[in-house]
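Colleague: Below is one structure. I have some questions about it.
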Amino acid sequence: MLSQPFRIETVHRESYDTFTVELQPTNGHDSFLFAPGQYNMLYVFGVGEVPISISGDPDRPENLMHTTRAVGTVTKAMAELQKGDVIGIRGPYGTSWPVDRAEGYDVVFVAGGIGLAPLRPALYHVLAHRDRYGKVVLLYGTRSPDDILYRSELEQWRSRFDLEVHVTVDYADATWRGNVGVVTSLIPKAPFDPLHSMAMICGPEVMMRFTAIELLKRGIEHEHIYLTMERNMKCAIGFCGHCQFGQHFVCRDGPVFSYAHIGHMLSQWEV
Amino acid sequence: MTETTLTQDATVILERAHFQQLLDALLQSGYRVIGPTIEDRAIVYESLSSVEDLPIGWKDQQEGGTFRLEKRKDQALFGYTLGPQTWKKHLYPPNVTLWQAKRENGSFKITPPEEDRQPLAFIGVRACELSAIAIQDKIFLESEFKDPIYQQNREGLFIVAVNCVEAGGTCFCASMETGPKASTGFDLALTEVIDGEKHYFVVNIGSARGLDVIKAITVRTPEAGEVEAAEARIAEASQNMGRTLETEGLRDLLFRNIENPRWEAVADRCLTCGNCTLVCPTCFCATIEDVTDLTGQHAERTRRWDSCFTMDFSYIHGGSVRYSSRARYRQWMMHKLASWVDQFGTFGCVGCGRCITWCPVAIDITEEANIIRQGDVAKTKEA
């Protein structure tokens, strides 16, 4: 499985440590088809390769987008890249958010931190086919106001009458006028019908675990909760073994899983 | 014996005196012949050209944490059980270059390495090892994706299995139902018999290619009692396994004992050295390394065997998922005996015993599984 060279068209700084790149293949104008929730392996020449979720619009496959936080060797090297630089792409890999299965239901998106990036393609899809879904709710929590991604887009979404957006931060500064607290605190009051809802969660593992617990308290069924796991990935095709999570290869059987399948493992330590 | 009377289901006798002909026939057919030979006081699987390269007259003494070669009283060619190496070394090499890349016009170009590999012939594959190869076939050839390097080495592979007539000190293939007799997956299967002055091999033919090789060498029809003598020795090996492992309900047992206190006890002894994973014939984990040369113009990607016992293995930003040795040992053993069943439909253990022999502190997977069975949380709850 060889990487294909893609050229960086734009780099957008989302926050002090997070950036979004927009990419196009160097060998023409092929579209990059993917399903919401899938990821690519991104290669920085000579430095290494990392799995990053696709954060763009699945209906606009001519623009491949990745939102990345600079935390390791490869992502820090990637943060130094500029328009015109080339990175390697192979993918898309993995399972996707159940946007088709969710038709007819209320949809609850719960994102923590950079977890909004892998959810954004699903949100785009739901908004593009808005009439197929019931109420749509986005609950988003970050550490601080500085960590909020896609600010202008969030403002647009917030102004829509057919989408409920609630944002909360763990630590507020003097300028913050919104909610303070962890994202799970938004769940009890969120406007959705638990008996006819599909939830999609992405964030740190502990956040997803307690989000699911809150959603279950509201009465959403196990089978209607989906989340996306993160593990070390080297190959993306189930060979290297690094991403094992119990019997699952997160790279191939995930990253999107049904809570009914993996929920019990979230409370097991070091699996 | 004339060629016309030979069929694939025939059982024939190859005299020890004619064994070189088997090697020659394979070499002449263009195979790179790989088999057991002695290196650094252990049995290793390397290229062979002569029957003299085999570990003639040697046997291995194996126990937990111990491997010693000793002289046999006879001149058996396959009188040992197993060395530390496995055939995966040749099918799924420990270190390979996946591709090279070069900067070009502001982009870069990736070139896979040119492959011109000679077909391989393995001589001396044990029944447990045949099962291990079948398991790796499932991983690398029968999953959603195929591994091209494994596929290239595996295609055209000629396998000469050798049935075990003596069980090793850490063997438990009888428990795993993978041996000691090779039942499938070979081109030829030999059973070595030394009886007084007689020294011969009972040969079962497993494929049309195997039949072609047999037709090219000197073999004869078995005399009365020769095949029976071979079978009796295999049956005896089956009765003399160094270890046993109760596999009934093993997957479920381990899944429900994920918090069993025994994991803590084994972690106190485990050095997390990774030896068990490197000698295991089914372990398949690998890591990817990307490097450049000093000019920064050329890059290379290599793949190297990895071990779930390293801290790095489960590293994601923020730390390793399995930072305790308890969690790492548990991951390894539960993968072998529990989650592997879900992933590939079999256990990831074939009962070869290498992980017991080559563990520096003699941790024994059969003992650990049996202790967990005795302390099963399901039982404790009932009581």
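Residues are named by chain letter and number: chains run A, B, ... in the order of the structure tokens, numbers start at 1 in each chain, and ligands are numbered from 1 in the order shown.
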Would you give me, as a PyMOL selection string, the residues in region 7-148 of chain A that DSSP reads as helix (DSSP H, G or I)?
Modeller: chain A and resi 73-79+113-128+130-132+145-147
Colleague: Let's have the selection written as a tab-separated table (two decimals), in the first residue's frame, with C-alpha atoms.
Modeller:
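In the end it all went to selection-v8.tsv:
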```
chain	number	residue	atom	x	y	z
A	73	THR	CA	7.35	14.07	15.97
A	74	VAL	CA	5.32	13.72	12.78
A	75	THR	CA	2.52	16.14	13.60
A	76	LYS	CA	5.04	18.77	14.75
A	77	ALA	CA	6.94	18.38	11.48
A	78	MET	CA	3.62	18.64	9.65
A	79	ALA	CA	2.82	21.86	11.48
A	113	GLY	CA	-11.43	18.89	22.05
A	114	ILE	CA	-10.06	17.89	18.68
A	115	GLY	CA	-12.75	15.20	18.61
A	116	LEU	CA	-14.85	17.66	16.67
A	117	ALA	CA	-12.63	17.11	13.61
A	118	PRO	CA	-13.58	13.45	12.92
A	119	LEU	CA	-17.24	14.29	13.57
A	120	ARG	CA	-17.35	17.24	11.19
A	121	PRO	CA	-17.80	15.14	8.00
A	122	ALA	CA	-20.83	13.44	9.60
A	123	LEU	CA	-22.23	16.82	10.64
A	124	TYR	CA	-21.74	18.13	7.08
A	125	HIS	CA	-23.55	15.08	5.74
A	126	VAL	CA	-26.46	15.43	8.15
A	127	LEU	CA	-26.80	19.16	7.42
A	128	ALA	CA	-26.63	18.53	3.66
A	130	ARG	CA	-31.20	17.85	6.84
A	131	ASP	CA	-34.75	16.71	5.99
A	132	ARG	CA	-33.81	13.07	6.55
A	145	PRO	CA	-11.88	28.99	24.89
A	146	ASP	CA	-8.53	29.02	23.04
A	147	ASP	CA	-8.97	25.36	22.12
```
Colleague: Per residue of chain A within 6 Å of chain B, record the nearest atom pair and its distance in Å to one decimal, counting only C-alpha atoms, with rows in chain order and ascending residue number, as a tab-separated table.
Modeller:
```
residue	atom	partner	partner_atom	distance
A:Gly46	CA	B:Thr292	CA	4.9
A:Val47	CA	B:Asp290	CA	5.9
A:Gly48	CA	B:Asp290	CA	5.1
A:Val86	CA	B:Ser107	CA	5.6
A:Asn232	CA	B:Ile316	CA	5.5
A:Cys240	CA	B:Cys285	CA	4.6
A:Gly241	CA	B:Cys285	CA	4.8
A:Gln247	CA	B:Ser339	CA	4.4
A:Glu270	CA	B:Arg322	CA	4.8
```
Colleague: Per residue of region 70-153 of chain A within 10 Å of region 172-185 of chain A, what are the shortest atom pair and its distance in Å to one decimal, counting only C-alpha atoms, with rows by chain and residue number, as a tab-separated table?
Modeller:
```
residue	atom	partner	partner_atom	distance
A:Val110	CA	A:Val183	CA	7.7
A:Ala111	CA	A:Val183	CA	7.9
A:Gly112	CA	A:Val183	CA	7.1
A:Gly113	CA	A:Val183	CA	9.9
A:Leu139	CA	A:Val183	CA	6.8
A:Tyr140	CA	A:Val183	CA	6.3
A:Gly141	CA	A:Val183	CA	4.8
A:Thr142	CA	A:Val183	CA	8.0
A:Arg143	CA	A:Ala172	CA	8.5
A:Ser144	CA	A:Ala172	CA	5.9
A:Pro145	CA	A:Ala172	CA	6.5
A:Asp146	CA	A:Asp173	CA	9.3
```
Colleague: Go ahead and write the selection's residues with N, CA, C and O atoms as an mmCIF file, in the first residue's frame.
Modeller:
```cif
data_model
loop_
_atom_site.group_PDB
_atom_site.id
_atom_site.type_symbol
_atom_site.label_atom_id
_atom_site.label_comp_id
_atom_site.auth_asym_id
_atom_site.auth_seq_id
_atom_site.Cartn_x
_atom_site.Cartn_y
_atom_site.Cartn_z
ATOM 1 N N VAL A 110 -21.521 14.495 20.129
ATOM 2 C CA VAL A 110 -20.829 14.963 21.329
ATOM 3 C C VAL A 110 -19.330 14.928 21.046
ATOM 4 O O VAL A 110 -18.768 13.865 20.772
ATOM 5 N N ALA A 111 -18.701 16.098 21.095
ATOM 6 C CA ALA A 111 -17.280 16.190 20.759
ATOM 7 C C ALA A 111 -16.488 16.737 21.927
ATOM 8 O O ALA A 111 -16.958 17.621 22.654
ATOM 9 N N GLY A 112 -15.300 16.199 22.113
ATOM 10 C CA GLY A 112 -14.388 16.727 23.124
ATOM 11 C C GLY A 112 -13.097 17.140 22.457
ATOM 12 O O GLY A 112 -12.454 16.332 21.792
ATOM 13 N N GLY A 113 -12.706 18.414 22.596
ATOM 14 C CA GLY A 113 -11.434 18.893 22.048
ATOM 15 C C GLY A 113 -11.351 18.711 20.548
ATOM 16 O O GLY A 113 -12.273 19.042 19.799
ATOM 17 N N LEU A 139 -23.008 18.955 20.910
ATOM 18 C CA LEU A 139 -22.491 19.319 22.225
ATOM 19 C C LEU A 139 -20.973 19.259 22.137
ATOM 20 O O LEU A 139 -20.406 18.221 21.767
ATOM 21 N N TYR A 140 -20.330 20.382 22.456
ATOM 22 C CA TYR A 140 -18.889 20.460 22.227
ATOM 23 C C TYR A 140 -18.196 21.019 23.460
ATOM 24 O O TYR A 140 -18.561 22.092 23.952
ATOM 25 N N GLY A 141 -17.217 20.275 23.955
ATOM 26 C CA GLY A 141 -16.459 20.749 25.114
ATOM 27 C C GLY A 141 -14.974 20.805 24.791
ATOM 28 O O GLY A 141 -14.440 19.938 24.110
ATOM 29 N N THR A 142 -14.328 21.864 25.266
ATOM 30 C CA THR A 142 -12.865 21.953 25.114
ATOM 31 C C THR A 142 -12.270 22.347 26.462
ATOM 32 O O THR A 142 -12.998 22.697 27.399
ATOM 33 N N ARG A 143 -10.935 22.311 26.536
ATOM 34 C CA ARG A 143 -10.286 22.687 27.791
ATOM 35 C C ARG A 143 -10.504 24.170 28.098
ATOM 36 O O ARG A 143 -10.848 24.559 29.190
ATOM 37 N N SER A 144 -10.260 25.005 27.076
ATOM 38 C CA SER A 144 -10.367 26.457 27.297
ATOM 39 C C SER A 144 -10.938 27.090 26.034
ATOM 40 O O SER A 144 -10.969 26.447 24.988
ATOM 41 N N PRO A 145 -11.352 28.324 26.105
ATOM 42 C CA PRO A 145 -11.879 28.990 24.887
ATOM 43 C C PRO A 145 -10.855 28.988 23.752
ATOM 44 O O PRO A 145 -11.245 28.939 22.583
ATOM 45 N N ASP A 146 -9.559 29.010 24.089
ATOM 46 C CA ASP A 146 -8.526 29.015 23.043
ATOM 47 C C ASP A 146 -8.498 27.723 22.241
ATOM 48 O O ASP A 146 -7.915 27.670 21.156
#
```
Colleague: Determine, counting only C-alpha atoms, which protein, DNA and RNA residues have an atom within 12 Å of an atom of Leu130 (chain B); residues of the same chain fewer than 3 positions away are not included. Present the result as a ChimeraX atom specification.
Modeller: /B:86-88,122-127,133-137,158-163,173,177-189,281-282,350-352
Colleague: Give me a file of those residues, with N, CA, C and O atoms, as a short mmCIF file (atom, residue, chain, number, x, y, z; two decimals), in the first residue's frame.
Modeller:
```
data_model
loop_
_atom_site.label_atom_id
_atom_site.label_comp_id
_atom_site.auth_asym_id
_atom_site.auth_seq_id
_atom_site.Cartn_x
_atom_site.Cartn_y
_atom_site.Cartn_z
N THR B 86 11.96 -19.57 13.95
CA THR B 86 10.77 -20.13 13.32
C THR B 86 10.84 -19.82 11.83
O THR B 86 11.62 -18.98 11.40
N TRP B 87 9.99 -20.50 11.08
CA TRP B 87 10.01 -20.31 9.62
C TRP B 87 9.52 -18.94 9.21
O TRP B 87 9.75 -18.49 8.09
N LYS B 88 8.84 -18.24 10.13
CA LYS B 88 8.34 -16.91 9.77
C LYS B 88 9.49 -15.97 9.42
O LYS B 88 9.31 -15.01 8.68
N PHE B 122 11.33 -25.56 2.39
CA PHE B 122 11.64 -25.76 3.81
C PHE B 122 11.75 -27.26 4.08
O PHE B 122 10.85 -28.02 3.71
N ILE B 123 12.82 -27.65 4.73
CA ILE B 123 12.98 -29.06 5.12
C ILE B 123 13.01 -29.14 6.64
O ILE B 123 13.77 -28.41 7.29
N GLY B 124 12.15 -30.00 7.18
CA GLY B 124 12.16 -30.19 8.63
C GLY B 124 11.11 -29.37 9.35
O GLY B 124 11.31 -28.99 10.50
N VAL B 125 9.99 -29.11 8.68
CA VAL B 125 8.92 -28.34 9.30
C VAL B 125 8.11 -29.27 10.21
O VAL B 125 7.60 -30.30 9.76
N ARG B 126 8.02 -28.90 11.49
CA ARG B 126 7.28 -29.72 12.44
C ARG B 126 5.77 -29.46 12.28
O ARG B 126 5.36 -28.41 11.78
N ALA B 127 4.98 -30.41 12.78
CA ALA B 127 3.52 -30.29 12.64
C ALA B 127 3.01 -28.99 13.26
O ALA B 127 2.17 -28.30 12.67
N ILE B 133 2.22 -21.78 10.19
CA ILE B 133 2.23 -21.21 8.83
C ILE B 133 0.79 -21.03 8.35
O ILE B 133 0.44 -20.00 7.78
N ALA B 134 -0.06 -22.01 8.63
CA ALA B 134 -1.48 -21.89 8.23
C ALA B 134 -2.13 -20.70 8.92
O ALA B 134 -2.96 -19.99 8.33
N ILE B 135 -1.74 -20.45 10.17
CA ILE B 135 -2.29 -19.30 10.91
C ILE B 135 -1.81 -18.00 10.29
O ILE B 135 -2.58 -17.06 10.09
N GLN B 136 -0.51 -17.94 9.96
CA GLN B 136 -0.02 -16.70 9.33
C GLN B 136 -0.60 -16.51 7.93
O GLN B 136 -0.80 -15.37 7.50
N ASP B 137 -0.91 -17.61 7.25
CA ASP B 137 -1.62 -17.49 5.96
C ASP B 137 -2.94 -16.76 6.15
O ASP B 137 -3.34 -15.90 5.35
N PHE B 158 7.86 -24.89 -1.08
CA PHE B 158 7.81 -26.35 -1.02
C PHE B 158 8.09 -26.76 0.42
O PHE B 158 9.09 -26.34 1.01
N ILE B 159 7.19 -27.56 1.00
CA ILE B 159 7.34 -27.90 2.41
C ILE B 159 7.59 -29.38 2.60
O ILE B 159 6.78 -30.23 2.18
N VAL B 160 8.73 -29.71 3.20
CA VAL B 160 9.00 -31.07 3.64
C VAL B 160 8.82 -31.09 5.16
O VAL B 160 9.64 -30.54 5.90
N ALA B 161 7.71 -31.67 5.60
CA ALA B 161 7.44 -31.74 7.04
C ALA B 161 8.18 -32.94 7.62
O ALA B 161 8.45 -33.92 6.91
N VAL B 162 8.53 -32.87 8.88
CA VAL B 162 9.12 -34.01 9.57
C VAL B 162 8.32 -34.25 10.85
O VAL B 162 8.25 -33.37 11.72
N ASN B 163 7.70 -35.42 10.92
CA ASN B 163 6.89 -35.73 12.10
C ASN B 163 7.78 -35.92 13.31
O ASN B 163 8.91 -36.40 13.21
N CYS B 173 1.89 -29.65 21.81
CA CYS B 173 1.10 -29.63 20.58
C CYS B 173 -0.09 -30.57 20.66
O CYS B 173 -1.13 -30.33 20.04
N GLU B 177 -3.84 -29.68 19.59
CA GLU B 177 -4.28 -30.48 18.44
C GLU B 177 -3.60 -30.04 17.15
O GLU B 177 -4.22 -29.97 16.08
N THR B 178 -2.32 -29.71 17.24
CA THR B 178 -1.58 -29.32 16.04
C THR B 178 -0.49 -30.35 15.69
O THR B 178 0.16 -30.24 14.66
N GLY B 179 -0.26 -31.34 16.53
CA GLY B 179 0.79 -32.33 16.28
C GLY B 179 0.61 -33.52 17.19
O GLY B 179 -0.42 -33.64 17.83
N PRO B 180 1.63 -34.38 17.24
CA PRO B 180 2.97 -34.29 16.64
C PRO B 180 3.03 -34.76 15.19
O PRO B 180 4.10 -34.69 14.58
N LYS B 181 1.89 -35.21 14.62
CA LYS B 181 1.95 -35.69 13.24
C LYS B 181 1.38 -34.64 12.29
O LYS B 181 0.31 -34.08 12.55
N ALA B 182 2.10 -34.38 11.20
CA ALA B 182 1.63 -33.44 10.19
C ALA B 182 0.47 -34.07 9.42
O ALA B 182 0.61 -35.18 8.90
N SER B 183 -0.67 -33.40 9.39
CA SER B 183 -1.81 -33.99 8.70
C SER B 183 -2.12 -33.30 7.38
O SER B 183 -2.66 -33.91 6.47
N THR B 184 -1.74 -32.04 7.26
CA THR B 184 -2.07 -31.31 6.03
C THR B 184 -1.10 -30.15 5.84
O THR B 184 -0.40 -29.78 6.78
N GLY B 185 -1.06 -29.60 4.64
CA GLY B 185 -0.27 -28.40 4.41
C GLY B 185 1.17 -28.66 4.04
O GLY B 185 2.00 -27.76 4.10
N PHE B 186 1.51 -29.90 3.65
CA PHE B 186 2.89 -30.19 3.26
C PHE B 186 2.92 -30.78 1.85
O PHE B 186 1.91 -31.24 1.34
N ASP B 187 4.11 -30.74 1.24
CA ASP B 187 4.30 -31.44 -0.04
C ASP B 187 4.79 -32.86 0.22
O ASP B 187 4.38 -33.79 -0.47
N LEU B 188 5.68 -32.98 1.19
CA LEU B 188 6.14 -34.29 1.63
C LEU B 188 6.18 -34.27 3.15
O LEU B 188 6.51 -33.26 3.75
N ALA B 189 5.87 -35.42 3.77
CA ALA B 189 6.02 -35.53 5.22
C ALA B 189 6.85 -36.78 5.52
O ALA B 189 6.54 -37.87 5.01
N PRO B 281 6.06 -18.67 16.69
CA PRO B 281 5.88 -18.85 15.25
C PRO B 281 4.65 -18.15 14.69
O PRO B 281 4.49 -18.07 13.47
N THR B 282 3.76 -17.65 15.55
CA THR B 282 2.56 -16.99 15.01
C THR B 282 2.56 -15.48 15.24
O THR B 282 1.86 -14.77 14.54
N VAL B 350 0.31 -22.71 19.02
CA VAL B 350 0.31 -24.05 18.41
C VAL B 350 0.97 -25.07 19.32
O VAL B 350 1.13 -26.22 18.94
N GLY B 351 1.38 -24.64 20.52
CA GLY B 351 1.93 -25.59 21.48
C GLY B 351 3.38 -25.98 21.24
O GLY B 351 3.82 -27.04 21.66
N CYS B 352 4.16 -25.11 20.59
CA CYS B 352 5.55 -25.45 20.30
C CYS B 352 6.43 -25.32 21.53
O CYS B 352 7.53 -25.88 21.58
#
```
Colleague: Rounded to one decimal place, report the CA of Val50 (chain A)-CA of Gly254 (chain A) distance in Å.
Modeller: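 For CA of Val50 (chain A) relative to CA of Gly254 (chain A), the distance reads 15.9 Å.
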Colleague: Could you work out how far CA of Gly348 (chain B) lies from CA of Ala132 (chain B), giving the answer in Å with one decimal?
Modeller: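 According to the coordinates, CA of Ala132 (chain B) and CA of Gly348 (chain B) are separated by 8.1 Å.
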Colleague: Please measure the separation of CA of Ala229 (chain B) and CA of Phe201 (chain B), giving the value in Å to one decimal.
Modeller: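 One can read the CA of Ala229 (chain B) to CA of Phe201 (chain B) distance as 10.8 Å.
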Colleague: Which is closer to Cys171 (chain B) than all the others in B:Cys270, B:Met311, B:Ile43, B:Ala237, using only C-alpha atoms?
Modeller: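 Distance minimum relative to Cys171 (chain B) lands on B:Ala237.
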Colleague: From the set B:Leu91, B:Ile234, B:Ala121, B:Ile365, which residue has the shortest atom-to-atom contact distance to Tyr31 (chain B), counting only C-alpha atoms?
Modeller: B:Ala121
Colleague: Within 9 Å of Gly65 (chain B), counting only C-alpha atoms, which residues show up once you throw out same-chain ones fewer than 3 positions away? Write them as a ChimeraX atom specification, please.
Modeller: /B:62,355-363
Colleague: Quick one: residues within 10 Å of region 53-66 of chain A, only C-alpha atoms counted, chain neighbours fewer than 4 positions away excluded, as a PyMOL selection string?
Modeller: chain A and resi 6+8-11+19-25+29-42+91-94+115-125+128+255
Colleague: Among region 46-135 of chain B, which residues does DSSP mark as strand (DSSP E) when it is run on the backbone? Keep the chain and numbering as in the structure and answer as a ChimeraX atom specification.
Modeller: /B:46-47,58-63,66-71,95-104,107-111,120-125
Colleague: Near Leu227 (chain A), within 6 Å and counting only C-alpha atoms, which residues show up once chain neighbours fewer than 2 positions away are dropped, as an mmCIF file with N, CA and C atoms, in the first residue's frame?
Modeller:
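Output saved as selection_14.cif:
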```
data_model
loop_
_atom_site.group_PDB
_atom_site.id
_atom_site.type_symbol
_atom_site.label_atom_id
_atom_site.label_comp_id
_atom_site.auth_asym_id
_atom_site.auth_seq_id
_atom_site.Cartn_x
_atom_site.Cartn_y
_atom_site.Cartn_z
ATOM 1 N N MET A 200 -23.328 10.123 18.328
ATOM 2 C CA MET A 200 -21.978 9.908 17.798
ATOM 3 C C MET A 200 -21.020 10.725 18.649
ATOM 4 N N ILE A 201 -20.074 10.017 19.255
ATOM 5 C CA ILE A 201 -19.182 10.645 20.235
ATOM 6 C C ILE A 201 -17.739 10.555 19.773
ATOM 7 N N CYS A 202 -17.005 11.648 19.919
ATOM 8 C CA CYS A 202 -15.576 11.587 19.657
ATOM 9 C C CYS A 202 -14.844 12.524 20.600
ATOM 10 N N VAL A 256 -14.606 3.743 14.138
ATOM 11 C CA VAL A 256 -15.952 3.953 14.677
ATOM 12 C C VAL A 256 -16.515 2.598 15.122
ATOM 13 N N PHE A 257 -16.922 2.535 16.374
ATOM 14 C CA PHE A 257 -17.508 1.312 16.927
ATOM 15 C C PHE A 257 -18.868 1.623 17.537
#
```
Colleague: Counting only C-alpha atoms, what is within 8 Å of Arg209 (chain A), bar same-chain residues fewer than 2 positions away, as a ChimeraX atom specification?
Modeller: /A:205-207,211-213,263,266-267
